[in-house]
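Some notes on the structure that comes next.
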Amino acid sequence: MRTAPHIALDSAAPAAIDGRHIRALTFQSVRMEYLRRVLGELSLAADGSRALVVGSGRGLLARGLARLGFETVAADPSPAATALALDADDGLGVTYLTTSAEELALPDDSFDLVYCADTLEITERPDAVLTEAARVLRPGGALAYDTVNRTPVSRLVYLGAFQVLPTTRIMPRGRYAAHRLRRPAELAESLDRAGLSAKDVSAFKPRDVRSLVRATRGRRRGTVTDDQLPELVGMVLEPGSRPVVTYLGYAVRRA
């Protein structure tokens with residue numbers, strides 16, 4: 001099956017708009033908050049451990065993990081994204097690779113933590129992505145991820161607002177498709193097939209949907225900068241609640 005491409009820059013939008021980077025910026029705080037919780041639950045110390053970010057884009061999350069103390073590798077299938085990540089590098093020792101999530105050019109049993117970012121809602125082959133993540137994880141290592149649920153609201157947001165509506169579009173048409181948005185139960189089955197035991201699913205969302213709309217429209221108009229987006233959107237975790245649009249989760253590789 002064909003794999004949907006990762007696109008570093010939205011060629012159908014103004015040159016300054018990089019939808020993946022916008023998403024990474026707005027998700028960064030909640031991703032890091034969730035990862036700290038996972039590390040605590042697993043008693044996994046960052047110092048002396050290795051982490052891999054799959055779908056790393058400009059490397060924002062990878063650098064966040066490096067600041068925690070992980071020896072970090074950032075992998076992305078887009079050479080353009082890798083180049084942008086190298087340009088943004090701040091000397092934290094992150095290794096940047098261009099490689100497919102479905103066929104990672106990395107050795108077996110070599111990471112304590114793998115994070116799939118901007119990947120599971122894009123790929124046509126989620127089982128291949130998760131099998132590769134499990135392969136490079138050490139037994140007992142953790143796979144963390146965030147992705148998009150398949151609900152009427154998520155379709156409205158990701159298939160409509162983010163891809164079609166002129167005032168809020170930040171992604172090229174076709175990046176998201178309904179069949180690539182997966183419910184938590186479907187993803188849990190894929191995790192199990194890959195030899196990973198699902199441990200948690202946590203919903204997250206903007207503090208106020210209106211703030212997301214205002215921030216996105218402002219970014220399109222050029223009145224809001226990338227640096228202003230995280231505070232304006234204000235993503236918050238909702239552990240225990242049913243994910244309506246986006247959710248985080250993690251699983252552990254079985255021995």
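Within each chain, counting starts at residue 1; across the structure tokens, chains are named A, B, ... in the order shown, with ligands numbered 1 upward in that order.
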Check: Quick one: residues within 12 Å of A:Ala83, only C-alpha atoms counted, chain neighbours fewer than 2 positions away excluded, as a PyMOL selection string?
Finding: chain A and resi 8+56-59+74-81+85-89+96-98
Item checked: Contacts of stretch 212-223 of chain A at 7 Å (only C-alpha atoms; same-chain gap of 6+ positions) as a VMD selection string -> chain A and resid 167 to 168 206 229 232 to 233
Just the selected residues (N, CA, C and O atoms), exported as a PDB file, in the first residue's frame, please.
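out-v1.pdb, freshly written:
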```pdb
ATOM      1  N   THR A 167      -9.476  30.245   5.735  1.00  0.00           N
ATOM      2  CA  THR A 167      -9.038  31.046   6.883  1.00  0.00           C
ATOM      3  C   THR A 167      -8.296  30.250   7.942  1.00  0.00           C
ATOM      4  O   THR A 167      -7.606  30.820   8.787  1.00  0.00           O
ATOM      5  N   THR A 168      -8.437  28.921   7.931  1.00  0.00           N
ATOM      6  CA  THR A 168      -7.792  28.098   8.967  1.00  0.00           C
ATOM      7  C   THR A 168      -6.920  26.991   8.391  1.00  0.00           C
ATOM      8  O   THR A 168      -6.368  26.188   9.141  1.00  0.00           O
ATOM      9  N   PRO A 206      -7.412  21.801  23.049  1.00  0.00           N
ATOM     10  CA  PRO A 206      -7.134  23.205  23.351  1.00  0.00           C
ATOM     11  C   PRO A 206      -7.892  23.641  24.596  1.00  0.00           C
ATOM     12  O   PRO A 206      -8.985  23.132  24.888  1.00  0.00           O
ATOM     13  N   LEU A 229       1.980  30.963  19.335  1.00  0.00           N
ATOM     14  CA  LEU A 229       0.935  29.949  19.204  1.00  0.00           C
ATOM     15  C   LEU A 229       0.721  29.098  20.462  1.00  0.00           C
ATOM     16  O   LEU A 229      -0.424  28.898  20.875  1.00  0.00           O
ATOM     17  N   LEU A 232      -1.318  30.889  23.107  1.00  0.00           N
ATOM     18  CA  LEU A 232      -2.655  31.235  22.633  1.00  0.00           C
ATOM     19  C   LEU A 232      -3.573  30.018  22.579  1.00  0.00           C
ATOM     20  O   LEU A 232      -4.756  30.105  22.903  1.00  0.00           O
ATOM     21  N   VAL A 233      -3.037  28.878  22.165  1.00  0.00           N
ATOM     22  CA  VAL A 233      -3.852  27.671  22.034  1.00  0.00           C
ATOM     23  C   VAL A 233      -4.027  26.975  23.382  1.00  0.00           C
ATOM     24  O   VAL A 233      -5.118  26.572  23.754  1.00  0.00           O
TER      25      VAL A 233
END
```
Next item on the list: Find, counting only C-alpha atoms, the residue in A:Glu71, A:Asp226, A:Glu132, A:Asp108 that gets nearest to A:Ala194.
Entry: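 When distances to A:Ala194 are compared using only C-alpha atoms, the smallest one comes from A:Glu132.
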Next item on the list: Using only C-alpha atoms, determine which residues lie at most 6 Å from stretch 140-143 of chain A, disregarding the query and same-chain residues fewer than 2 positions distant; provide the list as a PyMOL selection string.
Entry: chain A and resi 112-115+137-138+250-253
Write the selection just made, keeping C-alpha atoms, as a compact mmCIF listing (two decimals), in the first residue's frame?
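Result written to part.txt:
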```
# COMPACT_ATOMS: atom_id res chain seq x y z
CA ASP A 112 14.45 2.78 25.90
CA LEU A 113 11.80 5.16 24.59
CA VAL A 114 10.28 5.68 21.15
CA TYR A 115 7.83 8.51 20.46
CA LEU A 137 12.84 -0.89 21.53
CA ARG A 138 14.57 -2.85 24.24
CA TYR A 250 1.83 4.61 25.56
CA ALA A 251 2.61 0.92 25.45
CA VAL A 252 5.42 -1.29 26.69
CA ARG A 253 7.34 -3.83 24.61
```
Next item on the list: Select, from A:Asp192, A:Ala51, A:Thr151, A:Arg20, the residue with the minimum atom-to-atom distance to A:Thr119, counting only C-alpha atoms.
Entry: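 Of A:Asp192, A:Ala51, A:Thr151, A:Arg20, the one nearest A:Thr119, counting only C-alpha atoms, is A:Arg20.
With only C-alpha atoms as the atoms that count, the residue of A:Gln228, A:Thr246, A:Thr82, A:Ser211 with the shortest distance to A:Leu25 is A:Gln228.
For the atom pair formed by atom CA of A:Glu121 and atom CA of A:Arg175, the distance is 9.0 Å, given to one decimal.
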Check: Out of A:Val236, A:Thr123, A:Ala128, A:Ser202, which residue has the shortest atom-to-atom distance to A:Leu181 when counting only C-alpha atoms?
Finding: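 Closest to A:Leu181, using only C-alpha atoms: A:Thr123.
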Next item on the list: May I ask which of the residues A:Leu52, A:Val148, A:Leu165, A:Leu159 is the closest one to A:Phe111, counting only C-alpha atoms?
Entry: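 That would be A:Leu52, the residue with the smallest distance to A:Phe111.
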Next item on the list: Identify, on the basis of only C-alpha atoms, every residue whose closest approach to A:Val153 does not exceed 9 Å; exclude the query and any residue fewer than 5 positions from it along the same chain; express the result as a ChimeraX atom specification.
Entry: /A:158,244-245
Check: Any idea what the distance is between atom CA of A:Arg125 and atom CA of A:Glu102?
Finding: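 Going from atom CA of A:Arg125 over to atom CA of A:Glu102 covers 7.3 Å.
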